[in-house]
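Next up, structure18.cif (mmCIF, C-alpha atoms (C1' of nucleotides)):
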data_data
#
loop_
_atom_site.label_atom_id
_atom_site.label_comp_id
_atom_site.auth_asym_id
_atom_site.auth_seq_id
_atom_site.Cartn_x
_atom_site.Cartn_y
_atom_site.Cartn_z
CA MET G 9 -47.85 -116.15 24.26
CA ASN G 10 -44.51 -114.57 23.32
CA ILE G 11 -41.43 -116.58 22.47
CA GLY G 12 -39.97 -115.73 25.87
CA GLN G 13 -42.83 -117.37 27.73
CA ALA G 14 -42.78 -120.37 25.43
CA SER G 15 -39.07 -120.71 26.06
CA GLU G 16 -39.55 -120.52 29.80
CA GLN G 17 -42.31 -123.11 29.82
CA THR G 18 -40.40 -125.59 27.69
CA GLY G 19 -36.76 -125.04 28.55
CA VAL G 20 -35.96 -124.50 24.89
CA SER G 21 -34.13 -121.21 24.40
CA ALA G 22 -35.76 -118.56 22.22
CA LYS G 23 -32.71 -118.76 20.04
CA MET G 24 -33.28 -122.45 19.43
CA ILE G 25 -37.00 -122.09 18.87
CA ARG G 26 -36.30 -119.66 16.04
CA TYR G 27 -33.61 -121.95 14.70
CA TYR G 28 -35.88 -125.00 14.73
CA GLU G 29 -38.45 -123.01 12.81
CA GLU G 30 -35.83 -121.82 10.35
CA ILE G 31 -34.60 -125.31 9.49
CA GLY G 32 -38.14 -126.59 9.18
CA LEU G 33 -38.16 -128.80 12.23
CA LEU G 34 -41.13 -126.77 13.42
CA PRO G 35 -43.80 -125.11 11.28
CA SER G 36 -43.65 -121.34 11.02
CA ALA G 37 -45.13 -119.82 14.14
CA ALA G 38 -48.16 -117.56 13.90
CA ARG G 39 -47.34 -113.86 14.03
CA ARG G 40 -49.10 -111.07 15.86
CA ALA G 41 -49.75 -107.67 14.32
CA ASN G 42 -46.42 -106.39 15.63
CA GLY G 43 -44.50 -109.25 14.04
CA TYR G 44 -43.95 -111.12 17.29
CA ARG G 45 -44.29 -114.91 17.16
CA ASP G 46 -47.34 -116.21 18.97
CA TYR G 47 -47.45 -119.57 20.75
CA GLY G 48 -50.37 -121.53 22.18
CA ASP G 49 -50.71 -124.74 24.17
CA GLN G 50 -50.38 -126.81 21.01
CA GLU G 51 -47.03 -125.30 20.09
CA VAL G 52 -45.79 -125.51 23.64
CA ALA G 53 -46.60 -129.22 23.67
CA VAL G 54 -44.54 -129.72 20.53
CA LEU G 55 -41.64 -127.80 22.02
CA GLN G 56 -41.82 -129.96 25.12
CA PHE G 57 -41.73 -133.04 22.94
CA VAL G 58 -38.65 -131.70 21.18
CA ARG G 59 -37.00 -130.77 24.45
CA ARG G 60 -37.55 -134.22 25.86
CA THR G 61 -36.32 -136.09 22.82
CA ARG G 62 -33.24 -133.85 22.71
CA ASP G 63 -32.62 -134.63 26.36
CA LEU G 64 -32.62 -138.28 25.41
CA GLY G 65 -29.86 -137.59 22.94
CA PHE G 66 -31.76 -137.86 19.67
CA SER G 67 -30.32 -135.75 16.86
CA LEU G 68 -32.50 -133.05 15.33
CA GLU G 69 -32.96 -135.30 12.34
CA GLU G 70 -34.23 -138.07 14.58
CA VAL G 71 -36.42 -135.61 16.44
CA SER G 72 -37.88 -134.61 13.12
CA ALA G 73 -38.71 -138.22 12.32
CA LEU G 74 -40.23 -138.72 15.75
CA LEU G 75 -42.37 -135.61 15.34
CA ALA G 76 -43.64 -136.93 12.03
CA LEU G 77 -44.47 -140.28 13.60
CA TRP G 78 -46.07 -138.54 16.53
CA SER G 79 -48.45 -136.57 14.34
CA ASP G 80 -49.27 -139.57 12.19
CA LYS G 81 -51.90 -141.21 14.35
CA LYS G 82 -52.02 -144.36 12.25
CA ARG G 83 -48.32 -145.20 12.01
CA PRO G 84 -47.31 -148.65 13.19
CA SER G 85 -45.60 -148.50 16.57
CA ARG G 86 -42.94 -150.74 15.05
CA GLU G 87 -41.42 -147.74 13.32
CA VAL G 88 -41.12 -145.78 16.52
CA LYS G 89 -39.62 -148.70 18.32
CA ARG G 90 -37.09 -149.25 15.58
CA LEU G 91 -35.95 -145.65 15.80
CA ALA G 92 -35.60 -145.89 19.56
CA GLU G 93 -33.66 -149.12 19.35
CA THR G 94 -31.30 -147.79 16.73
CA HIS G 95 -30.56 -144.92 19.04
CA ILE G 96 -30.04 -147.27 21.96
CA ALA G 97 -27.58 -149.32 19.91
CA ASP G 98 -25.75 -146.14 19.00
CA LEU G 99 -25.45 -145.15 22.64
CA GLU G 100 -24.29 -148.62 23.58
CA HIS G 101 -21.58 -148.44 20.97
CA ARG G 102 -20.34 -145.10 22.26
CA MET G 103 -20.42 -146.30 25.83
CA ARG G 104 -18.29 -149.29 24.94
CA GLU G 105 -15.73 -147.00 23.34
CA MET G 106 -15.73 -144.70 26.31
CA ARG G 107 -15.29 -147.58 28.70
CA ALA G 108 -12.23 -148.77 26.82
CA VAL G 109 -10.76 -145.29 26.83
CA MET G 110 -11.42 -144.87 30.54
CA LYS G 111 -9.77 -148.15 31.30
CA THR G 112 -6.62 -147.03 29.52
CA LEU G 113 -6.68 -143.64 31.17
CA ARG G 114 -7.17 -145.07 34.63
CA GLN G 115 -4.21 -147.38 34.13
CA LEU G 116 -2.07 -144.50 32.97
CA ALA G 117 -3.08 -142.27 35.85
CA GLN G 118 -2.58 -145.07 38.34
CA HIS G 119 1.04 -145.56 37.42
CA CYS G 120 1.90 -141.88 37.58
CA HIS G 121 3.03 -140.98 41.07
CA GLY G 122 1.74 -137.46 40.52
CA ASP G 123 4.10 -135.51 42.71
CA GLU G 124 7.01 -133.11 42.26
CA ARG G 125 9.09 -135.62 40.38
CA SER G 126 9.17 -135.09 36.65
CA ASP G 127 9.19 -138.60 35.28
CA CYS G 128 5.70 -139.42 34.13
CA PRO G 129 4.49 -142.74 32.73
CA ILE G 130 1.44 -141.05 31.26
CA LEU G 131 3.45 -138.92 28.88
CA ASP G 132 5.90 -141.74 28.24
CA ASP G 133 3.08 -143.96 27.20
CA LEU G 134 1.34 -141.33 25.09
CA ALA G 135 4.58 -140.88 23.20
CA LYS G 136 4.76 -144.53 22.27
CA PRO G 137 3.43 -145.28 18.82
CA ARG G 138 0.62 -147.65 19.59
CA ALA G 139 -1.67 -150.12 17.93
CA PRO G 140 -4.23 -147.59 16.71
CA SER G 141 -7.33 -148.16 18.81
CA ALA G 142 -10.84 -147.29 17.66
CA ARG G 143 -10.87 -144.21 15.48
CA ARG G 144 -12.79 -141.13 16.48
CA THR G 145 -16.56 -141.47 16.06
CA ARG G 146 -19.11 -138.75 15.56
CA ARG G 147 -20.48 -137.42 18.76
CA THR G 148 -24.00 -136.22 19.59
CA MET X 290 9.17 -136.80 4.14
CA ASN X 291 6.05 -135.35 2.51
CA ILE X 292 2.83 -134.70 4.40
CA GLY X 293 1.30 -137.79 2.80
CA GLN X 294 3.91 -140.11 4.29
CA ALA X 295 3.68 -138.38 7.65
CA SER X 296 -0.07 -138.83 7.54
CA GLU X 297 0.24 -142.49 6.68
CA GLN X 298 2.73 -143.15 9.45
CA THR X 299 0.70 -141.42 12.13
CA GLY X 300 -2.90 -141.93 11.13
CA VAL X 301 -3.48 -138.18 11.24
CA SER X 302 -4.99 -136.96 7.96
CA ALA X 303 -3.00 -134.46 5.92
CA LYS X 304 -5.93 -132.14 6.31
CA MET X 305 -5.67 -132.28 10.05
CA ILE X 306 -1.91 -131.89 10.10
CA ARG X 307 -2.25 -128.63 8.20
CA TYR X 308 -5.08 -127.58 10.48
CA TYR X 309 -3.11 -128.30 13.63
CA GLU X 310 -0.30 -126.22 12.27
CA GLU X 311 -2.66 -123.41 11.35
CA ILE X 312 -4.20 -123.15 14.82
CA GLY X 313 -0.79 -123.27 16.43
CA LEU X 314 -1.11 -126.69 18.02
CA LEU X 315 2.00 -127.67 16.06
CA PRO X 316 4.91 -125.43 15.06
CA SER X 317 5.12 -124.48 11.40
CA ALA X 318 6.59 -127.34 9.44
CA ALA X 319 9.84 -126.87 7.52
CA ARG X 320 9.36 -126.26 3.82
CA ARG X 321 11.28 -127.65 0.90
CA ALA X 322 12.28 -125.57 -2.11
CA ASN X 323 9.05 -126.45 -3.86
CA GLY X 324 6.95 -125.30 -0.93
CA TYR X 325 6.09 -128.79 0.25
CA ARG X 326 6.06 -129.36 3.99
CA ASP X 327 8.90 -131.55 5.19
CA TYR X 328 8.61 -133.92 8.14
CA GLY X 329 11.27 -135.88 10.04
CA ASP X 330 11.20 -138.44 12.82
CA GLN X 331 10.83 -135.72 15.41
CA GLU X 332 7.69 -134.32 13.84
CA VAL X 333 6.26 -137.77 13.27
CA ALA X 334 6.72 -138.54 16.95
CA VAL X 335 4.77 -135.41 17.87
CA LEU X 336 2.01 -136.34 15.46
CA GLN X 337 1.80 -139.77 16.99
CA PHE X 338 1.53 -138.21 20.41
CA VAL X 339 -1.32 -136.04 19.18
CA ARG X 340 -3.02 -138.94 17.50
CA ARG X 341 -2.88 -141.03 20.62
CA THR X 342 -4.15 -138.32 22.95
CA ARG X 343 -6.97 -137.57 20.51
CA ASP X 344 -7.88 -141.24 20.52
CA LEU X 345 -8.16 -141.02 24.27
CA GLY X 346 -10.72 -138.28 23.88
CA PHE X 347 -8.68 -135.25 24.91
CA SER X 348 -9.78 -132.02 23.26
CA LEU X 349 -7.27 -130.16 21.11
CA GLU X 350 -6.90 -127.68 23.93
CA GLU X 351 -5.99 -130.48 26.31
CA VAL X 352 -3.68 -131.99 23.73
CA SER X 353 -1.97 -128.64 23.52
CA ALA X 354 -1.46 -128.60 27.28
CA LEU X 355 -0.15 -132.16 27.23
CA LEU X 356 2.27 -131.29 24.45
CA ALA X 357 3.60 -128.40 26.50
CA LEU X 358 4.02 -130.63 29.54
CA TRP X 359 5.63 -133.26 27.39
CA SER X 360 8.26 -130.91 26.09
CA ASP X 361 8.91 -129.43 29.51
CA LYS X 362 11.27 -132.03 30.90
CA LYS X 363 11.20 -130.57 34.39
CA ARG X 364 7.47 -130.25 34.99
CA PRO X 365 6.11 -132.06 38.02
CA SER X 366 4.23 -135.22 37.07
CA ARG X 367 1.44 -133.99 39.34
CA GLU X 368 0.32 -131.59 36.62
CA VAL X 369 0.05 -134.32 34.04
CA LYS X 370 -1.83 -136.56 36.41
CA ARG X 371 -4.25 -133.80 37.30
CA LEU X 372 -5.04 -133.23 33.63
CA ALA X 373 -5.62 -136.91 33.08
CA GLU X 374 -7.84 -137.21 36.13
CA THR X 375 -9.89 -134.20 35.16
CA HIS X 376 -10.49 -135.85 31.84
CA ILE X 377 -11.41 -139.12 33.50
CA ALA X 378 -13.90 -137.34 35.74
CA ASP X 379 -15.38 -135.68 32.69
CA LEU X 380 -15.80 -139.01 30.95
CA GLU X 381 -17.33 -140.53 34.07
CA HIS X 382 -19.83 -137.73 34.23
CA ARG X 383 -20.85 -138.23 30.63
CA MET X 384 -21.11 -141.96 31.06
CA ARG X 385 -23.42 -141.50 34.03
CA GLU X 386 -25.65 -139.27 31.94
CA MET X 387 -25.65 -141.73 29.08
CA ARG X 388 -26.50 -144.58 31.39
CA ALA X 389 -29.49 -142.69 32.74
CA VAL X 390 -30.66 -141.89 29.24
CA MET X 391 -30.26 -145.48 28.12
CA LYS X 392 -32.21 -146.72 31.09
CA THR X 393 -35.11 -144.46 30.18
CA LEU X 394 -34.91 -145.41 26.52
CA ARG X 395 -34.82 -149.11 27.27
CA GLN X 396 -37.88 -148.81 29.46
CA LEU X 397 -39.71 -146.91 26.76
CA ALA X 398 -38.78 -149.39 24.06
CA GLN X 399 -39.67 -152.33 26.27
CA HIS X 400 -43.25 -151.17 26.74
CA CYS X 401 -43.82 -150.52 23.07
CA HIS X 402 -45.15 -153.66 21.41
CA GLY X 403 -43.57 -152.54 18.16
CA ASP X 404 -45.95 -154.09 15.69
CA GLU X 405 -48.65 -152.95 13.31
CA ARG X 406 -50.74 -151.38 16.02
CA SER X 407 -50.49 -147.64 16.24
CA ASP X 408 -50.63 -146.98 19.95
CA CYS X 409 -47.13 -146.31 21.17
CA PRO X 410 -46.05 -145.70 24.75
CA ILE X 411 -42.78 -144.21 23.56
CA LEU X 412 -44.41 -141.28 21.85
CA ASP X 413 -47.01 -140.97 24.60
CA ASP X 414 -44.26 -140.67 27.12
CA LEU X 415 -42.17 -138.26 25.07
CA ALA X 416 -45.20 -136.00 24.83
CA LYS X 417 -45.56 -135.79 28.59
CA PRO X 418 -43.97 -132.69 30.04
CA ARG X 419 -41.40 -134.18 32.35
CA ALA X 420 -39.16 -133.26 35.22
CA PRO X 421 -36.40 -131.76 33.10
CA SER X 422 -33.50 -134.17 33.36
CA ALA X 423 -29.86 -133.23 32.85
CA ARG X 424 -29.42 -130.55 30.21
CA ARG X 425 -27.36 -131.21 27.10
CA THR X 426 -23.62 -131.30 27.75
CA ARG X 427 -20.76 -130.60 25.41
CA ARG X 428 -19.53 -133.65 23.58
CA THR X 429 -16.03 -134.57 22.63
"C1'" DC N 74 -41.65 -88.92 27.54
"C1'" DT N 75 -38.24 -91.87 29.06
"C1'" DG N 76 -36.43 -96.12 30.21
"C1'" DC N 77 -36.41 -100.92 30.27
"C1'" DA N 78 -37.61 -105.37 28.89
"C1'" DC N 79 -38.91 -107.63 25.24
"C1'" DC N 80 -39.14 -108.80 20.25
"C1'" DT N 81 -37.18 -108.90 15.30
"C1'" DT N 82 -33.40 -110.17 11.78
"C1'" DC N 83 -28.64 -110.88 10.54
"C1'" DC N 84 -24.00 -112.09 11.17
"C1'" DC N 85 -20.23 -114.39 13.77
"C1'" DA N 86 -18.18 -117.99 16.66
"C1'" DC N 87 -17.23 -122.59 18.53
"C1'" DA N 88 -14.98 -127.91 17.79
"C1'" DA N 89 -12.97 -130.91 14.50
"C1'" DT N 90 -13.35 -132.71 10.46
"C1'" DG N 91 -14.26 -133.69 5.50
"C1'" DG N 92 -14.84 -132.17 0.65
"C1'" DA N 93 -13.80 -129.84 -3.38
"C1'" DA N 94 -11.87 -126.38 -6.49
"C1'" DA N 95 -7.88 -124.30 -8.85
"C1'" DG N 96 -3.35 -124.51 -9.42
"C1'" DG N 97 1.87 -126.04 -8.96
"C1'" DT N 98 5.35 -130.27 -8.96
"C1'" DC N 99 7.40 -134.40 -9.69
"C1'" DA N 100 8.34 -138.95 -11.40
"C1'" DA N 101 7.57 -142.46 -14.60
"C1'" DC N 102 6.46 -144.09 -18.93
"C1'" DA N 103 5.59 -144.02 -24.05
"C1'" DT I 255 10.10 -134.86 -24.97
"C1'" DG I 256 5.52 -134.79 -23.71
"C1'" DT I 257 1.80 -136.40 -21.14
"C1'" DT I 258 -0.35 -138.57 -17.38
"C1'" DG I 259 -1.32 -139.34 -12.71
"C1'" DA I 260 -0.20 -138.86 -8.04
"C1'" DC I 261 1.14 -135.76 -5.18
"C1'" DC I 262 1.36 -131.02 -2.99
"C1'" DT I 263 -0.42 -126.05 -2.15
"C1'" DT I 264 -4.13 -122.60 -0.57
"C1'" DT I 265 -8.91 -121.18 -0.04
"C1'" DC I 266 -13.64 -121.69 0.63
"C1'" DC I 267 -17.76 -124.28 2.21
"C1'" DA I 268 -20.44 -127.71 5.03
"C1'" DT I 269 -21.38 -130.10 9.01
"C1'" DT I 270 -24.23 -130.05 14.33
"C1'" DG I 271 -26.30 -127.44 17.69
"C1'" DT I 272 -25.76 -123.77 20.30
"C1'" DG I 273 -24.57 -119.10 22.10
"C1'" DG I 274 -23.41 -114.04 21.59
"C1'" DG I 275 -24.14 -109.67 19.95
"C1'" DA I 276 -25.54 -105.68 17.04
"C1'" DA I 277 -29.08 -102.73 15.20
"C1'" DG I 278 -33.55 -101.64 15.29
"C1'" DG I 279 -38.82 -101.94 16.45
"C1'" DT I 280 -42.53 -102.53 20.39
"C1'" DG I 281 -44.92 -102.19 24.55
"C1'" DC I 282 -45.65 -101.14 29.15
"C1'" DA I 283 -44.82 -98.65 33.54
"C1'" DG I 284 -43.61 -94.73 35.88
#

Have the structure of the file written as structure tokens, please.
Amino acid sequence: MNIGQASEQTGVSAKMIRYYEEIGLLPSAARRANGYRDYGDQEVAVLQFVRRTRDLGFSLEEVSALLALWSDKKRPSREVKRLAETHIADLEHRMREMRAVMKTLRQLAQHCHGDERSDCPILDDLAKPRAPSARRTRRT
Amino acid sequence: MNIGQASEQTGVSAKMIRYYEEIGLLPSAARRANGYRDYGDQEVAVLQFVRRTRDLGFSLEEVSALLALWSDKKRPSREVKRLAETHIADLEHRMREMRAVMKTLRQLAQHCHGDERSDCPILDDLAKPRAPSARRTRRT
DNA sequence: CTGCACCTTCCCACAATGGAAAGGTCAACA
DNA sequence: TGTTGACCTTTCCATTGTGGGAAGGTGCAG
């Protein structure tokens, strides 16, 4: 199967499939005589695994770890669970930050009458030097 | 005031101050005879505004728009409110996605005994080709 | 044979930030 | 006075994950 078909079946763009191969997340694909990459059910399954883990917000590095665990039939499930829980904790942390930000924003928006008048509590408030809230965190 | 002091007073790194100037988010800073950038209370206030809007998760593009609205004393507050509400809606959307992802992850983790045994429902589930949930969205 | 859809590699761009190199400046201290 | 150390300057590179496009080869259908 060509890369186009593999992409269609997995929802991973051809561009990304090549990239994943390039950075070593995936093993080098088999090549046909014409140089085209060739994919079978096995490879498609791996791509689906990657797609799904990406959808769940795991970084490529985490995906890589999960792939390794997946192929290691004898690994203790503890390791997998730990990885998942770390990721959950990470998401929880980000959600807490976002909630705080939203709360502030909603308050600001609420007090702005939002009409033709030019006085605007949102901008007034943004201009005030504030107690520096949580610093920017890396996003996934 | 040197860039270092300005940075310290605003919480915006010197690196970022120069970058903001370079991309045109901020006007070119005044220079002293020795070539050092020179900042006054005015500039510090702008930096604080930027810092605060960044903390609230606005993109640099949005910050730029907010700065323009801020300096335009006659703009209708409606415009500012609309920008804020768009951003709120964006955050809400992302939070909904994250909540869905977390729910799935928690379920997966819950069913994995997480001990020495090797069978792991998390990996089993990840391997299953699934109804493709929400595609990756841009992060701020 | 021509055209079109596919494949290949390679390079560029993005958002926002940090890091580091190579050099100029300034103030304080011996 | 000279040196040291803390600043400042610019420039280049890396990150994460993805898309876009160019330039060229391939394969099939009409």

(request) For the file shown, report as a PyMOL selection string the outcome of the PyMOL selection byres ((chain N and resi 78) around 10) at residue level. (result) (chain N and resi 76-77+79-80) or (chain I and resi 281-282)

(message) For segment 94-97 of chain N, find every residue with an atom within 9 Å (counting only C-alpha atoms (C1' of nucleotides)), except residues of its own chain fewer than 6 positions away, and show them as a PyMOL selection string.
(response) (chain X and resi 323) or (chain I and resi 262-263+265-266)

(request) Return as a ChimeraX atom specification the set of residues that the PyMOL selection byres ((chain I) within 12 of (chain G)) yields on the displayed structure. (result) /I:269-274,279-281

Selected residues written out with C-alpha atoms (C1' of nucleotides), as a PDB file, in the frame of the given file:
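Printed below is out.pdb as written:
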ATOM      1  C1'  DT I 269     -21.380-130.100   9.010  1.00  0.00           C
ATOM      2  C1'  DT I 270     -24.230-130.050  14.330  1.00  0.00           C
ATOM      3  C1'  DG I 271     -26.300-127.440  17.690  1.00  0.00           C
ATOM      4  C1'  DT I 272     -25.760-123.770  20.300  1.00  0.00           C
ATOM      5  C1'  DG I 273     -24.570-119.100  22.100  1.00  0.00           C
ATOM      6  C1'  DG I 274     -23.410-114.040  21.590  1.00  0.00           C
ATOM      7  C1'  DG I 279     -38.820-101.940  16.450  1.00  0.00           C
ATOM      8  C1'  DT I 280     -42.530-102.530  20.390  1.00  0.00           C
ATOM      9  C1'  DG I 281     -44.920-102.190  24.550  1.00  0.00           C
TER      10       DG I 281
END

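Residue neighbourhood of Leu74 of chain G, excluding near-sequence residues (fewer than 4 positions): Glu70, Trp78 and Val88 of chain G; Leu412 of chain X, at 8 Å, using all atoms listed in the file.
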
Near chain G, 6 Å: chain X residue rows, closest pairs, only C-alpha atoms, as a tab-separated table:
residue	atom	partner	partner_atom	distance
X:Phe338	CA	G:Ala135	CA	4.9
X:Leu345	CA	G:Val109	CA	5.6
X:Lys363	CA	G:Ser126	CA	5.4
X:Arg364	CA	G:Ser126	CA	5.4
X:Pro365	CA	G:Glu124	CA	4.5
X:Ser366	CA	G:Gly122	CA	4.8
X:Arg367	CA	G:Gly122	CA	3.7
X:Lys370	CA	G:Gly122	CA	5.5
X:Val390	CA	G:Leu64	CA	5.6
X:Ala398	CA	G:Lys89	CA	5.8
X:Gly403	CA	G:Arg86	CA	3.6
X:Asp404	CA	G:Arg86	CA	4.5
X:Glu405	CA	G:Pro84	CA	4.5
X:Arg406	CA	G:Pro84	CA	5.2
X:Ser407	CA	G:Pro84	CA	4.5
X:Cys409	CA	G:Ser85	CA	5.3
X:Leu415	CA	G:Phe57	CA	5.7
X:Ala416	CA	G:Phe57	CA	4.9

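A straight line drawn from atom C1' of DG92 of chain N to atom CA of Asp330 of chain X is 29.4 Å long.
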
(message) Residues of chain N were defined as contacting chain X if any atom lay at most 12 Å from it, counting all atoms listed in the file; please report them as a list in words.
(response) DC87, DA88, DA89, DT90, DG91, DG92, DG97, DT98 and DC99 of chain N

Writing out the chosen residues with C-alpha atoms (C1' of nucleotides) as an mmCIF file, keeping the file's coordinate frame:
data_model
loop_
_atom_site.group_PDB
_atom_site.id
_atom_site.type_symbol
_atom_site.label_atom_id
_atom_site.label_comp_id
_atom_site.auth_asym_id
_atom_site.auth_seq_id
_atom_site.Cartn_x
_atom_site.Cartn_y
_atom_site.Cartn_z
ATOM 1 C "C1'" DC N 87 -17.230 -122.590 18.530
ATOM 2 C "C1'" DA N 88 -14.980 -127.910 17.790
ATOM 3 C "C1'" DA N 89 -12.970 -130.910 14.500
ATOM 4 C "C1'" DT N 90 -13.350 -132.710 10.460
ATOM 5 C "C1'" DG N 91 -14.260 -133.690 5.500
ATOM 6 C "C1'" DG N 92 -14.840 -132.170 0.650
ATOM 7 C "C1'" DG N 97 1.870 -126.040 -8.960
ATOM 8 C "C1'" DT N 98 5.350 -130.270 -8.960
ATOM 9 C "C1'" DC N 99 7.400 -134.400 -9.690
#

Which centre and edge lengths in Å to one decimal define the box along x, y and z that fits every listed atom of segment 112-124 of chain G plus 4 Å per side, as lines of an AutoDock Vina configuration file?
center_x = -0.1
center_y = -140.2
center_z = 36.1
size_x = 22.2
size_y = 22.3
size_z = 21.2

(request) Would you list the contacts of Ser36 of chain G as a PyMOL selection string, taking every protein, DNA or RNA residue within 10 Å and counting all atoms listed in the file, but skipping same-chain residues closer than 6 positions in sequence? (result) chain G and resi 26+28-30+45

Please produce a file of the residues just selected, as a compact mmCIF listing (two decimals), in the coordinates of the input, where the atoms kept are C-alpha atoms.
# COMPACT_ATOMS: atom_id res chain seq x y z
CA ARG G 26 -36.30 -119.66 16.04
CA TYR G 28 -35.88 -125.00 14.73
CA GLU G 29 -38.45 -123.01 12.81
CA GLU G 30 -35.83 -121.82 10.35
CA ARG G 45 -44.29 -114.91 17.16

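Atom CA of Ala41 of chain G is positioned 12.5 Å from atom CA of Asn10 of chain G.
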
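Pairwise distance (atom C1' of DA277 of chain I, atom CA of Glu16 of chain G) equals 25.3 Å.
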